[in-house]
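Below: upload.pdb (PDB, C-alpha atoms, pLDDT in the B column)
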ATOM      1  CA  MET A  20      44.931  44.413  62.840  1.00 60.00           C
ATOM      2  CA  ALA A  21      45.716  41.327  60.875  1.00 71.00           C
ATOM      3  CA  GLN A  22      42.922  39.942  58.778  1.00 78.00           C
ATOM      4  CA  VAL A  23      41.624  36.619  60.034  1.00 84.00           C
ATOM      5  CA  ARG A  24      42.124  34.298  57.105  1.00 86.00           C
ATOM      6  CA  THR A  25      39.295  31.841  57.409  1.00 89.00           C
ATOM      7  CA  TYR A  26      38.376  29.643  54.481  1.00 90.00           C
ATOM      8  CA  VAL A  27      35.754  31.157  52.246  1.00 86.00           C
ATOM      9  CA  ARG A  28      34.192  28.741  49.833  1.00 85.00           C
ATOM     10  CA  PRO A  29      34.660  30.127  46.310  1.00 83.00           C
ATOM     11  CA  MET A  30      31.326  30.942  44.689  1.00 82.00           C
ATOM     12  CA  GLY A  31      32.567  31.511  41.136  1.00 81.00           C
ATOM     13  CA  GLY A  32      30.448  29.537  38.674  1.00 84.00           C
ATOM     14  CA  TRP A  33      28.249  28.227  41.508  1.00 86.00           C
ATOM     15  CA  TRP A  34      25.244  27.731  39.283  1.00 88.00           C
ATOM     16  CA  ARG A  35      27.111  25.516  36.836  1.00 88.00           C
ATOM     17  CA  ARG A  36      27.646  22.866  39.504  1.00 87.00           C
ATOM     18  CA  ASN A  37      24.055  21.696  39.626  1.00 90.00           C
ATOM     19  CA  PRO A  38      21.526  21.264  36.762  1.00 91.00           C
ATOM     20  CA  PHE A  39      18.790  22.677  39.002  1.00 92.00           C
ATOM     21  CA  PHE A  40      20.708  25.955  39.304  1.00 92.00           C
ATOM     22  CA  VAL A  41      21.464  25.974  35.575  1.00 92.00           C
ATOM     23  CA  ARG A  42      17.707  25.841  34.890  1.00 92.00           C
ATOM     24  CA  TYR A  43      17.168  28.542  37.510  1.00 92.00           C
ATOM     25  CA  MET A  44      19.707  30.810  35.790  1.00 92.00           C
ATOM     26  CA  ILE A  45      18.151  30.215  32.344  1.00 92.00           C
ATOM     27  CA  ARG A  46      14.762  31.158  33.783  1.00 92.00           C
ATOM     28  CA  GLU A  47      16.168  34.308  35.385  1.00 92.00           C
ATOM     29  CA  ALA A  48      18.135  35.188  32.235  1.00 92.00           C
ATOM     30  CA  SER A  49      14.925  35.052  30.185  1.00 94.00           C
ATOM     31  CA  CYS A  50      14.052  38.462  31.615  1.00 95.00           C
ATOM     32  CA  VAL A  51      17.057  40.041  29.877  1.00 96.00           C
ATOM     33  CA  PHE A  52      15.720  38.864  26.516  1.00 97.00           C
ATOM     34  CA  LEU A  53      12.232  39.987  27.492  1.00 97.00           C
ATOM     35  CA  ALA A  54      13.595  43.431  28.385  1.00 97.00           C
ATOM     36  CA  ILE A  55      15.485  43.749  25.085  1.00 98.00           C
ATOM     37  CA  TYR A  56      12.397  42.615  23.168  1.00 98.00           C
ATOM     38  CA  THR A  57      10.293  45.224  24.985  1.00 98.00           C
ATOM     39  CA  VAL A  58      12.811  47.936  24.082  1.00 98.00           C
ATOM     40  CA  ILE A  59      12.545  46.796  20.432  1.00 98.00           C
ATOM     41  CA  LEU A  60       8.752  47.227  20.692  1.00 98.00           C
ATOM     42  CA  LEU A  61       9.216  50.636  22.305  1.00 98.00           C
ATOM     43  CA  VAL A  62      11.532  51.703  19.478  1.00 98.00           C
ATOM     44  CA  GLY A  63       8.870  50.450  17.047  1.00 98.00           C
ATOM     45  CA  LEU A  64       6.271  52.631  18.780  1.00 98.00           C
ATOM     46  CA  PHE A  65       8.646  55.599  18.519  1.00 98.00           C
ATOM     47  CA  ARG A  66       9.223  54.939  14.792  1.00 98.00           C
ATOM     48  CA  LEU A  67       5.463  54.542  14.306  1.00 97.00           C
ATOM     49  CA  SER A  68       4.945  58.005  15.815  1.00 97.00           C
ATOM     50  CA  GLN A  69       7.448  59.436  13.311  1.00 97.00           C
ATOM     51  CA  GLY A  70       5.499  58.311  10.251  1.00 96.00           C
ATOM     52  CA  GLU A  71       5.364  55.609   7.621  1.00 97.00           C
ATOM     53  CA  SER A  72       8.953  55.701   6.285  1.00 97.00           C
ATOM     54  CA  ALA A  73      10.429  55.600   9.797  1.00 97.00           C
ATOM     55  CA  TYR A  74       8.143  52.704  10.709  1.00 97.00           C
ATOM     56  CA  GLU A  75       9.065  50.806   7.545  1.00 97.00           C
ATOM     57  CA  SER A  76      12.797  51.166   8.280  1.00 97.00           C
ATOM     58  CA  TRP A  77      12.142  49.679  11.756  1.00 97.00           C
ATOM     59  CA  ARG A  78      10.391  46.758  10.078  1.00 97.00           C
ATOM     60  CA  ALA A  79      13.261  46.354   7.609  1.00 96.00           C
ATOM     61  CA  ALA A  80      15.687  46.053  10.547  1.00 97.00           C
ATOM     62  CA  LEU A  81      13.573  43.202  11.924  1.00 97.00           C
ATOM     63  CA  VAL A  82      14.306  41.139   8.807  1.00 96.00           C
ATOM     64  CA  SER A  83      18.078  41.171   9.446  1.00 97.00           C
ATOM     65  CA  PRO A  84      19.657  37.827  10.452  1.00 97.00           C
ATOM     66  CA  VAL A  85      20.835  39.292  13.793  1.00 97.00           C
ATOM     67  CA  SER A  86      17.268  40.243  14.638  1.00 98.00           C
ATOM     68  CA  ILE A  87      15.844  36.868  13.594  1.00 97.00           C
ATOM     69  CA  VAL A  88      18.453  34.993  15.684  1.00 98.00           C
ATOM     70  CA  PHE A  89      17.803  37.262  18.673  1.00 98.00           C
ATOM     71  CA  HIS A  90      14.053  36.682  18.446  1.00 98.00           C
ATOM     72  CA  TRP A  91      14.547  32.905  18.275  1.00 98.00           C
ATOM     73  CA  VAL A  92      16.668  32.978  21.451  1.00 97.00           C
ATOM     74  CA  ALA A  93      14.136  35.295  23.097  1.00 97.00           C
ATOM     75  CA  LEU A  94      11.288  32.999  22.052  1.00 97.00           C
ATOM     76  CA  LEU A  95      12.973  29.939  23.567  1.00 97.00           C
ATOM     77  CA  THR A  96      14.011  31.568  26.868  1.00 97.00           C
ATOM     78  CA  VAL A  97      10.738  33.445  27.362  1.00 97.00           C
ATOM     79  CA  SER A  98       8.764  30.294  26.550  1.00 97.00           C
ATOM     80  CA  TYR A  99      10.788  28.565  29.265  1.00 97.00           C
ATOM     81  CA  HIS A 100       9.840  31.422  31.616  1.00 97.00           C
ATOM     82  CA  ALA A 101       6.163  30.866  30.702  1.00 97.00           C
ATOM     83  CA  TYR A 102       6.509  27.140  31.401  1.00 97.00           C
ATOM     84  CA  THR A 103       8.158  27.693  34.803  1.00 96.00           C
ATOM     85  CA  TRP A 104       5.810  30.551  35.725  1.00 96.00           C
ATOM     86  CA  TRP A 105       2.785  28.240  35.570  1.00 96.00           C
ATOM     87  CA  LYS A 106       4.742  25.319  37.022  1.00 95.00           C
ATOM     88  CA  VAL A 107       5.300  27.245  40.286  1.00 94.00           C
ATOM     89  CA  SER A 108       1.888  28.953  40.177  1.00 93.00           C
ATOM     90  CA  PRO A 109       0.346  26.422  42.635  1.00 91.00           C
ATOM     91  CA  LYS A 110       2.688  27.853  45.292  1.00 89.00           C
ATOM     92  CA  THR A 111       1.356  31.395  44.819  1.00 85.00           C
ATOM     93  CA  ALA A 112      -2.245  30.603  43.887  1.00 83.00           C
ATOM     94  CA  PRO A 113      -4.972  31.064  46.498  1.00 82.00           C
ATOM     95  CA  ASP A 114      -6.186  27.928  48.219  1.00 82.00           C
ATOM     96  CA  ILE A 115      -8.820  26.612  45.821  1.00 82.00           C
ATOM     97  CA  ARG A 116     -10.883  23.701  47.091  1.00 86.00           C
ATOM     98  CA  VAL A 117     -13.205  21.490  45.118  1.00 85.00           C
ATOM     99  CA  ALA A 118     -15.481  19.322  47.267  1.00 86.00           C
ATOM    100  CA  GLY A 119     -13.296  20.132  50.292  1.00 88.00           C
ATOM    101  CA  ARG A 120     -10.075  18.953  48.646  1.00 89.00           C
ATOM    102  CA  PRO A 121      -7.366  21.310  47.411  1.00 87.00           C
ATOM    103  CA  LEU A 122      -6.844  21.256  43.654  1.00 88.00           C
ATOM    104  CA  PRO A 123      -3.815  19.129  42.709  1.00 89.00           C
ATOM    105  CA  ASP A 124      -0.762  21.218  41.760  1.00 91.00           C
ATOM    106  CA  LEU A 125      -0.682  19.712  38.299  1.00 93.00           C
ATOM    107  CA  VAL A 126      -4.243  20.856  37.586  1.00 92.00           C
ATOM    108  CA  ILE A 127      -3.392  24.473  38.481  1.00 92.00           C
ATOM    109  CA  ALA A 128      -0.199  24.395  36.413  1.00 95.00           C
ATOM    110  CA  ALA A 129      -1.971  22.761  33.472  1.00 96.00           C
ATOM    111  CA  GLY A 130      -4.623  25.479  33.652  1.00 94.00           C
ATOM    112  CA  GLY A 131      -1.884  28.061  33.167  1.00 95.00           C
ATOM    113  CA  TRP A 132      -0.259  26.213  30.293  1.00 97.00           C
ATOM    114  CA  LEU A 133      -3.628  25.860  28.560  1.00 97.00           C
ATOM    115  CA  ALA A 134      -4.312  29.573  29.141  1.00 97.00           C
ATOM    116  CA  THR A 135      -1.024  30.443  27.401  1.00 98.00           C
ATOM    117  CA  ILE A 136      -1.834  28.157  24.462  1.00 98.00           C
ATOM    118  CA  GLY A 137      -5.366  29.574  24.246  1.00 98.00           C
ATOM    119  CA  ALA A 138      -4.183  33.195  24.391  1.00 98.00           C
ATOM    120  CA  SER A 139      -1.506  32.462  21.773  1.00 98.00           C
ATOM    121  CA  VAL A 140      -3.994  30.927  19.317  1.00 97.00           C
ATOM    122  CA  LEU A 141      -6.442  33.794  19.914  1.00 97.00           C
ATOM    123  CA  ILE A 142      -3.794  36.489  19.327  1.00 97.00           C
ATOM    124  CA  TYR A 143      -2.508  34.704  16.220  1.00 97.00           C
ATOM    125  CA  LEU A 144      -6.028  34.512  14.756  1.00 96.00           C
ATOM    126  CA  LEU A 145      -6.767  38.170  15.631  1.00 96.00           C
ATOM    127  CA  VAL A 146      -3.561  39.435  14.013  1.00 95.00           C
ATOM    128  CA  ARG A 147      -4.022  37.163  11.023  1.00 93.00           C
ATOM    129  CA  TRP A 148      -7.700  37.557  10.216  1.00 86.00           C
ATOM    130  CA  LEU A 149      -9.050  40.699  11.887  1.00 77.00           C
TER
ATOM    131  CA  MET B  28       9.042  50.247  61.505  1.00 63.00           C
ATOM    132  CA  LYS B  29       9.887  51.416  58.031  1.00 75.00           C
ATOM    133  CA  ARG B  30       7.408  50.021  55.588  1.00 80.00           C
ATOM    134  CA  SER B  31       8.824  47.913  52.790  1.00 84.00           C
ATOM    135  CA  HIS B  32       8.303  48.948  49.184  1.00 82.00           C
ATOM    136  CA  GLU B  33       8.689  45.318  48.133  1.00 83.00           C
ATOM    137  CA  PRO B  34       4.913  44.630  47.791  1.00 85.00           C
ATOM    138  CA  ILE B  35       4.601  47.313  45.092  1.00 88.00           C
ATOM    139  CA  PHE B  36       7.493  45.976  43.066  1.00 90.00           C
ATOM    140  CA  TRP B  37       6.435  42.381  43.613  1.00 90.00           C
ATOM    141  CA  SER B  38       2.920  43.176  42.359  1.00 92.00           C
ATOM    142  CA  LEU B  39       4.319  44.742  39.213  1.00 93.00           C
ATOM    143  CA  PHE B  40       6.719  41.800  38.835  1.00 94.00           C
ATOM    144  CA  GLY B  41       3.863  39.342  39.308  1.00 92.00           C
ATOM    145  CA  ALA B  42       1.551  41.149  36.901  1.00 94.00           C
ATOM    146  CA  GLY B  43       4.337  41.288  34.318  1.00 95.00           C
ATOM    147  CA  GLY B  44       5.135  37.639  34.954  1.00 95.00           C
ATOM    148  CA  VAL B  45       1.548  36.564  34.307  1.00 96.00           C
ATOM    149  CA  LEU B  46       1.126  38.776  31.244  1.00 97.00           C
ATOM    150  CA  SER B  47       4.457  37.696  29.741  1.00 97.00           C
ATOM    151  CA  ALA B  48       3.753  34.018  30.481  1.00 97.00           C
ATOM    152  CA  LEU B  49       0.454  34.391  28.624  1.00 97.00           C
ATOM    153  CA  VAL B  50       1.369  36.493  25.600  1.00 98.00           C
ATOM    154  CA  ALA B  51       5.127  37.125  25.301  1.00 98.00           C
ATOM    155  CA  PRO B  52       6.015  33.954  23.333  1.00 98.00           C
ATOM    156  CA  ILE B  53       3.331  34.535  20.681  1.00 98.00           C
ATOM    157  CA  LEU B  54       4.166  38.265  20.451  1.00 98.00           C
ATOM    158  CA  ILE B  55       7.861  37.498  19.934  1.00 98.00           C
ATOM    159  CA  LEU B  56       6.921  34.876  17.328  1.00 97.00           C
ATOM    160  CA  ILE B  57       4.581  37.248  15.439  1.00 97.00           C
ATOM    161  CA  THR B  58       6.509  40.536  15.532  1.00 97.00           C
ATOM    162  CA  GLY B  59      10.035  39.109  15.487  1.00 97.00           C
ATOM    163  CA  ILE B  60       9.967  35.916  13.433  1.00 97.00           C
ATOM    164  CA  ILE B  61       6.986  34.862  11.322  1.00 96.00           C
ATOM    165  CA  THR B  62       5.887  38.291  10.051  1.00 96.00           C
ATOM    166  CA  PRO B  63       9.406  39.512   9.123  1.00 96.00           C
ATOM    167  CA  ILE B  64      10.142  36.293   7.212  1.00 94.00           C
ATOM    168  CA  GLY B  65       6.592  36.082   5.865  1.00 93.00           C
ATOM    169  CA  LEU B  66       5.968  32.510   6.969  1.00 92.00           C
ATOM    170  CA  TRP B  67       2.495  31.686   8.358  1.00 92.00           C
ATOM    171  CA  MET B  68       1.825  35.420   8.600  1.00 94.00           C
ATOM    172  CA  PRO B  69       1.621  37.811   5.627  1.00 93.00           C
ATOM    173  CA  PRO B  70       3.915  40.855   6.070  1.00 91.00           C
ATOM    174  CA  GLN B  71       0.827  43.047   5.477  1.00 92.00           C
ATOM    175  CA  ALA B  72      -0.429  41.939   8.903  1.00 93.00           C
ATOM    176  CA  LEU B  73       1.848  44.538  10.511  1.00 95.00           C
ATOM    177  CA  ASP B  74       1.450  47.241   7.851  1.00 95.00           C
ATOM    178  CA  TYR B  75       1.811  50.872   8.881  1.00 96.00           C
ATOM    179  CA  ALA B  76      -1.878  51.744   8.494  1.00 96.00           C
ATOM    180  CA  ARG B  77      -2.978  48.679  10.446  1.00 96.00           C
ATOM    181  CA  VAL B  78      -0.564  49.125  13.351  1.00 96.00           C
ATOM    182  CA  LEU B  79      -1.235  52.871  13.450  1.00 97.00           C
ATOM    183  CA  GLY B  80      -4.964  52.176  13.668  1.00 96.00           C
ATOM    184  CA  PHE B  81      -4.327  49.796  16.552  1.00 96.00           C
ATOM    185  CA  ALA B  82      -2.154  52.344  18.380  1.00 97.00           C
ATOM    186  CA  GLN B  83      -4.792  55.065  17.842  1.00 97.00           C
ATOM    187  CA  HIS B  84      -7.601  53.032  19.354  1.00 97.00           C
ATOM    188  CA  TRP B  85      -7.998  53.456  23.122  1.00 97.00           C
ATOM    189  CA  LEU B  86      -7.996  49.700  23.660  1.00 97.00           C
ATOM    190  CA  GLY B  87      -4.881  49.301  21.521  1.00 97.00           C
ATOM    191  CA  LYS B  88      -3.168  52.022  23.549  1.00 97.00           C
ATOM    192  CA  LEU B  89      -4.105  50.287  26.783  1.00 97.00           C
ATOM    193  CA  ILE B  90      -2.786  46.934  25.536  1.00 97.00           C
ATOM    194  CA  LEU B  91       0.488  48.448  24.277  1.00 98.00           C
ATOM    195  CA  LEU B  92       1.053  50.358  27.522  1.00 98.00           C
ATOM    196  CA  ALA B  93       0.291  47.309  29.673  1.00 98.00           C
ATOM    197  CA  VAL B  94       2.575  45.062  27.630  1.00 98.00           C
ATOM    198  CA  ILE B  95       5.510  47.475  27.547  1.00 98.00           C
ATOM    199  CA  SER B  96       5.232  48.653  31.159  1.00 98.00           C
ATOM    200  CA  LEU B  97       4.573  45.307  32.855  1.00 97.00           C
ATOM    201  CA  PHE B  98       7.173  43.430  30.780  1.00 98.00           C
ATOM    202  CA  LEU B  99       9.732  46.068  31.810  1.00 97.00           C
ATOM    203  CA  PHE B 100       8.814  45.969  35.515  1.00 97.00           C
ATOM    204  CA  HIS B 101       8.901  42.172  35.465  1.00 97.00           C
ATOM    205  CA  ALA B 102      12.381  42.202  33.925  1.00 97.00           C
ATOM    206  CA  ALA B 103      13.572  44.998  36.242  1.00 96.00           C
ATOM    207  CA  HIS B 104      12.655  42.991  39.332  1.00 95.00           C
ATOM    208  CA  ARG B 105      14.467  39.890  38.125  1.00 94.00           C
ATOM    209  CA  ILE B 106      17.511  41.838  37.011  1.00 94.00           C
ATOM    210  CA  TYR B 107      17.708  43.714  40.336  1.00 93.00           C
ATOM    211  CA  HIS B 108      17.433  40.560  42.448  1.00 91.00           C
ATOM    212  CA  GLY B 109      19.522  38.511  40.013  1.00 90.00           C
ATOM    213  CA  LEU B 110      22.559  40.746  40.518  1.00 89.00           C
ATOM    214  CA  HIS B 111      23.210  38.960  43.806  1.00 85.00           C
ATOM    215  CA  ASP B 112      23.371  35.623  41.954  1.00 86.00           C
ATOM    216  CA  ILE B 113      26.197  36.844  39.741  1.00 85.00           C
ATOM    217  CA  GLY B 114      28.141  38.262  42.674  1.00 80.00           C
ATOM    218  CA  VAL B 115      27.136  41.914  42.460  1.00 83.00           C
ATOM    219  CA  HIS B 116      25.948  43.502  45.673  1.00 81.00           C
ATOM    220  CA  ALA B 117      23.016  45.554  44.517  1.00 77.00           C
ATOM    221  CA  GLY B 118      22.551  48.977  46.039  1.00 82.00           C
ATOM    222  CA  THR B 119      20.603  52.128  45.379  1.00 88.00           C
ATOM    223  CA  GLY B 120      22.299  52.612  42.019  1.00 88.00           C
ATOM    224  CA  ALA B 121      21.147  49.213  40.764  1.00 89.00           C
ATOM    225  CA  MET B 122      17.659  49.932  42.050  1.00 89.00           C
ATOM    226  CA  ILE B 123      17.479  53.245  40.189  1.00 91.00           C
ATOM    227  CA  ALA B 124      18.852  51.629  37.023  1.00 91.00           C
ATOM    228  CA  SER B 125      16.424  48.697  37.037  1.00 92.00           C
ATOM    229  CA  TYR B 126      13.120  50.037  38.376  1.00 94.00           C
ATOM    230  CA  GLY B 127      13.962  53.546  37.156  1.00 95.00           C
ATOM    231  CA  GLY B 128      14.536  52.152  33.670  1.00 96.00           C
ATOM    232  CA  ALA B 129      11.162  50.409  33.750  1.00 97.00           C
ATOM    233  CA  LEU B 130       9.487  53.614  34.927  1.00 97.00           C
ATOM    234  CA  LEU B 131      11.229  55.605  32.187  1.00 97.00           C
ATOM    235  CA  GLY B 132      10.087  53.094  29.563  1.00 98.00           C
ATOM    236  CA  THR B 133       6.527  53.377  30.865  1.00 98.00           C
ATOM    237  CA  VAL B 134       6.582  57.180  30.709  1.00 98.00           C
ATOM    238  CA  VAL B 135       8.077  57.164  27.199  1.00 98.00           C
ATOM    239  CA  ALA B 136       5.467  54.638  25.991  1.00 98.00           C
ATOM    240  CA  ALA B 137       2.633  56.694  27.506  1.00 98.00           C
ATOM    241  CA  TYR B 138       4.001  59.874  25.901  1.00 98.00           C
ATOM    242  CA  LEU B 139       4.340  58.216  22.471  1.00 98.00           C
ATOM    243  CA  LEU B 140       0.825  56.754  22.673  1.00 97.00           C
ATOM    244  CA  LEU B 141      -0.544  60.237  23.440  1.00 97.00           C
ATOM    245  CA  ALA B 142       1.594  61.795  20.683  1.00 96.00           C
ATOM    246  CA  ILE B 143       0.247  59.260  18.150  1.00 95.00           C
ATOM    247  CA  GLY B 144      -3.229  60.615  18.920  1.00 90.00           C
ATOM    248  CA  PHE B 145      -6.702  59.126  18.699  1.00 89.00           C
TER
END

Would you mind writing the file out in structure tokens?
Amino acid sequence: MAQVRTYVRPMGGWWRRNPFFVRYMIREASCVFLAIYTVILLVGLFRLSQGESAYESWRAALVSPVSIVFHWVALLTVSYHAYTWWKVSPKTAPDIRVAGRPLPDLVIAAGGWLATIGASVLIYLLVRWL
Amino acid sequence: MKRSHEPIFWSLFGAGGVLSALVAPILILITGIITPIGLWMPPQALDYARVLGFAQHWLGKLILLAVISLFLFHAAHRIYHGLHDIGVHAGTGAMIASYGGALLGTVVAAYLLLAIGF
């Protein structure tokens, strides 16, 4: 039977047509960098289990320009994920009411952003001074 | 009706999303940028003895396992559902590769943390 040749709108490069979708794709792509970073940590754990010289060679690899560039890209995309994660958090958060009124979305999102900043400062101080 | 397994994967995705939104940027900055180049963080901060001590402590083990496992499950969920966006019709194979990969990473991390000892 002959194929009915109806028009099918081409979807190639669909997300490049609209800045909203470009931001969506950057947010989704952040997970690829997060996954690679996690594998780097996992390799580090493996090298740690092998002893000091193995661990030190893992650390030496982290100084390479390729690694530094990768971590910068990962930092930027994953930070964007963190920003968007809290930005949409009012949609997934339970209904919190103060004096009978729901909390404004911006307050919930700002709470998340402050939590990230607080956790970051705390972790930095712990790694640095403990 | 067949029960959906989506809630399990969404929970892991959500937990990984929260944890990574809280700590992933600073972890990437510390382990991948400022400690290797020795700016704002002395390289001794991630010395062998120090990191080994952290990985030998039960709380350190718990933190490392949570970070590795939840980050991987978060990424797996986005990769699996993101395939559709780039025109790939995800099937069982993609599911095994994404969630299976996260599960494998979790098992390997747990094994290594046990092998490192207490």

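Of the residues under consideration (B:Gly59, B:Trp67, B:Gly44, B:Trp85), B:Trp85 shows the shortest atom-to-atom contact distance to B:Ala137 when counting all atoms listed in the file.
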
Quick one: which residues from chain A are at most 6 Å off chain B, using only C-alpha atoms, as a ChimeraX atom specification? /A:50,54,57,68,82,87,90,94,98,101,135,139

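For the pair atom CA of A:Val58 and atom CA of A:Lys106, the separation is 27.3 Å.
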
Got a sec to resolve the PyMOL selection byres ((chain A and resi 74) around 10) on this structure and send the residues as a PDB file with C-alpha atoms, in the frame of the given file?
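Below is the file that was written, selection37.pdb:
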ATOM      1  CA  VAL A  62      11.532  51.703  19.478  1.00 98.00           C
ATOM      2  CA  GLY A  63       8.870  50.450  17.047  1.00 98.00           C
ATOM      3  CA  LEU A  64       6.271  52.631  18.780  1.00 98.00           C
ATOM      4  CA  PHE A  65       8.646  55.599  18.519  1.00 98.00           C
ATOM      5  CA  ARG A  66       9.223  54.939  14.792  1.00 98.00           C
ATOM      6  CA  LEU A  67       5.463  54.542  14.306  1.00 97.00           C
ATOM      7  CA  SER A  68       4.945  58.005  15.815  1.00 97.00           C
ATOM      8  CA  GLN A  69       7.448  59.436  13.311  1.00 97.00           C
ATOM      9  CA  GLY A  70       5.499  58.311  10.251  1.00 96.00           C
ATOM     10  CA  GLU A  71       5.364  55.609   7.621  1.00 97.00           C
ATOM     11  CA  SER A  72       8.953  55.701   6.285  1.00 97.00           C
ATOM     12  CA  ALA A  73      10.429  55.600   9.797  1.00 97.00           C
ATOM     13  CA  GLU A  75       9.065  50.806   7.545  1.00 97.00           C
ATOM     14  CA  SER A  76      12.797  51.166   8.280  1.00 97.00           C
ATOM     15  CA  TRP A  77      12.142  49.679  11.756  1.00 97.00           C
ATOM     16  CA  ARG A  78      10.391  46.758  10.078  1.00 97.00           C
ATOM     17  CA  ALA A  79      13.261  46.354   7.609  1.00 96.00           C
TER      18      ALA A  79
ATOM     19  CA  ASP B  74       1.450  47.241   7.851  1.00 95.00           C
ATOM     20  CA  TYR B  75       1.811  50.872   8.881  1.00 96.00           C
ATOM     21  CA  VAL B  78      -0.564  49.125  13.351  1.00 96.00           C
ATOM     22  CA  LEU B  79      -1.235  52.871  13.450  1.00 97.00           C
TER      23      LEU B  79
END

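Interatomic distance, atom CA of B:Leu66 to atom CA of A:Ala138: 20.2 Å.
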
Evaluate the PyMOL selection byres ((chain A and resi 107-116) around 12) against this structure - the residues, as number ranges by chain, please. A: 100-106, 117-132; B: 41, 44-45, 48

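Residue nearest B:Ser125, chosen from A:Pro84, A:Tyr56, A:Leu149, A:Val51 and counting only C-alpha atoms: A:Val51.
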
Distance atom CA of A:Val41-atom CA of A:Thr96, one decimal place? 12.8 Å

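You can rank A:Tyr26, A:Phe89, A:Tyr143, A:Trp148 by their closest distance to A:Ile59 using all atoms listed in the file, and at the top of that list sits A:Phe89.
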
Where atoms are absent from stretch 58-75 of chain B, fill them in so it carries N, CA and C atoms, then output it as a PDB file, in the coordinates of the input.
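Now in result.pdb:
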ATOM      1  N   THR B  58       5.836  39.290  15.944  1.00 97.00           N
ATOM      2  CA  THR B  58       6.509  40.536  15.532  1.00 97.00           C
ATOM      3  C   THR B  58       7.960  40.307  15.142  1.00 97.00           C
ATOM      4  N   GLY B  59       8.597  39.260  15.711  1.00 97.00           N
ATOM      5  CA  GLY B  59      10.035  39.109  15.487  1.00 97.00           C
ATOM      6  C   GLY B  59      10.437  38.023  14.525  1.00 97.00           C
ATOM      7  N   ILE B  60       9.547  37.041  14.269  1.00 97.00           N
ATOM      8  CA  ILE B  60       9.967  35.916  13.433  1.00 97.00           C
ATOM      9  C   ILE B  60       9.042  35.701  12.229  1.00 97.00           C
ATOM     10  N   ILE B  61       7.784  35.316  12.467  1.00 96.00           N
ATOM     11  CA  ILE B  61       6.986  34.862  11.322  1.00 96.00           C
ATOM     12  C   ILE B  61       6.538  35.997  10.398  1.00 96.00           C
ATOM     13  N   THR B  62       6.269  37.198  10.942  1.00 96.00           N
ATOM     14  CA  THR B  62       5.887  38.291  10.051  1.00 96.00           C
ATOM     15  C   THR B  62       7.087  38.826   9.266  1.00 96.00           C
ATOM     16  N   PRO B  63       8.246  39.053   9.918  1.00 96.00           N
ATOM     17  CA  PRO B  63       9.406  39.512   9.123  1.00 96.00           C
ATOM     18  C   PRO B  63       9.798  38.530   8.008  1.00 96.00           C
ATOM     19  N   ILE B  64       9.744  37.220   8.280  1.00 94.00           N
ATOM     20  CA  ILE B  64      10.142  36.293   7.212  1.00 94.00           C
ATOM     21  C   ILE B  64       8.952  35.880   6.340  1.00 94.00           C
ATOM     22  N   GLY B  65       7.763  36.333   6.711  1.00 93.00           N
ATOM     23  CA  GLY B  65       6.592  36.082   5.865  1.00 93.00           C
ATOM     24  C   GLY B  65       6.157  34.631   5.817  1.00 93.00           C
ATOM     25  N   LEU B  66       6.389  33.905   6.907  1.00 92.00           N
ATOM     26  CA  LEU B  66       5.968  32.510   6.969  1.00 92.00           C
ATOM     27  C   LEU B  66       4.820  32.393   7.964  1.00 92.00           C
ATOM     28  N   TRP B  67       3.693  31.869   7.530  1.00 92.00           N
ATOM     29  CA  TRP B  67       2.495  31.686   8.358  1.00 92.00           C
ATOM     30  C   TRP B  67       1.821  33.012   8.727  1.00 92.00           C
ATOM     31  N   MET B  68       2.426  34.115   8.308  1.00 94.00           N
ATOM     32  CA  MET B  68       1.825  35.420   8.600  1.00 94.00           C
ATOM     33  C   MET B  68       2.230  36.368   7.475  1.00 94.00           C
ATOM     34  N   PRO B  69       1.253  36.896   6.717  1.00 93.00           N
ATOM     35  CA  PRO B  69       1.621  37.811   5.627  1.00 93.00           C
ATOM     36  C   PRO B  69       2.235  39.087   6.195  1.00 93.00           C
ATOM     37  N   PRO B  70       3.283  39.620   5.563  1.00 91.00           N
ATOM     38  CA  PRO B  70       3.915  40.855   6.070  1.00 91.00           C
ATOM     39  C   PRO B  70       2.919  42.005   6.205  1.00 91.00           C
ATOM     40  N   GLN B  71       1.829  41.968   5.398  1.00 92.00           N
ATOM     41  CA  GLN B  71       0.827  43.047   5.477  1.00 92.00           C
ATOM     42  C   GLN B  71       0.132  43.082   6.842  1.00 92.00           C
ATOM     43  N   ALA B  72       0.239  41.995   7.596  1.00 93.00           N
ATOM     44  CA  ALA B  72      -0.429  41.939   8.903  1.00 93.00           C
ATOM     45  C   ALA B  72       0.049  43.049   9.825  1.00 93.00           C
ATOM     46  N   LEU B  73       1.317  43.466   9.664  1.00 95.00           N
ATOM     47  CA  LEU B  73       1.848  44.538  10.511  1.00 95.00           C
ATOM     48  C   LEU B  73       2.143  45.794   9.687  1.00 95.00           C
ATOM     49  N   ASP B  74       1.302  46.034   8.661  1.00 95.00           N
ATOM     50  CA  ASP B  74       1.450  47.241   7.851  1.00 95.00           C
ATOM     51  C   ASP B  74       1.263  48.499   8.684  1.00 95.00           C
ATOM     52  N   TYR B  75       1.862  49.590   8.174  1.00 96.00           N
ATOM     53  CA  TYR B  75       1.811  50.872   8.881  1.00 96.00           C
ATOM     54  C   TYR B  75       0.383  51.278   9.247  1.00 96.00           C
TER      55      TYR B  75
END
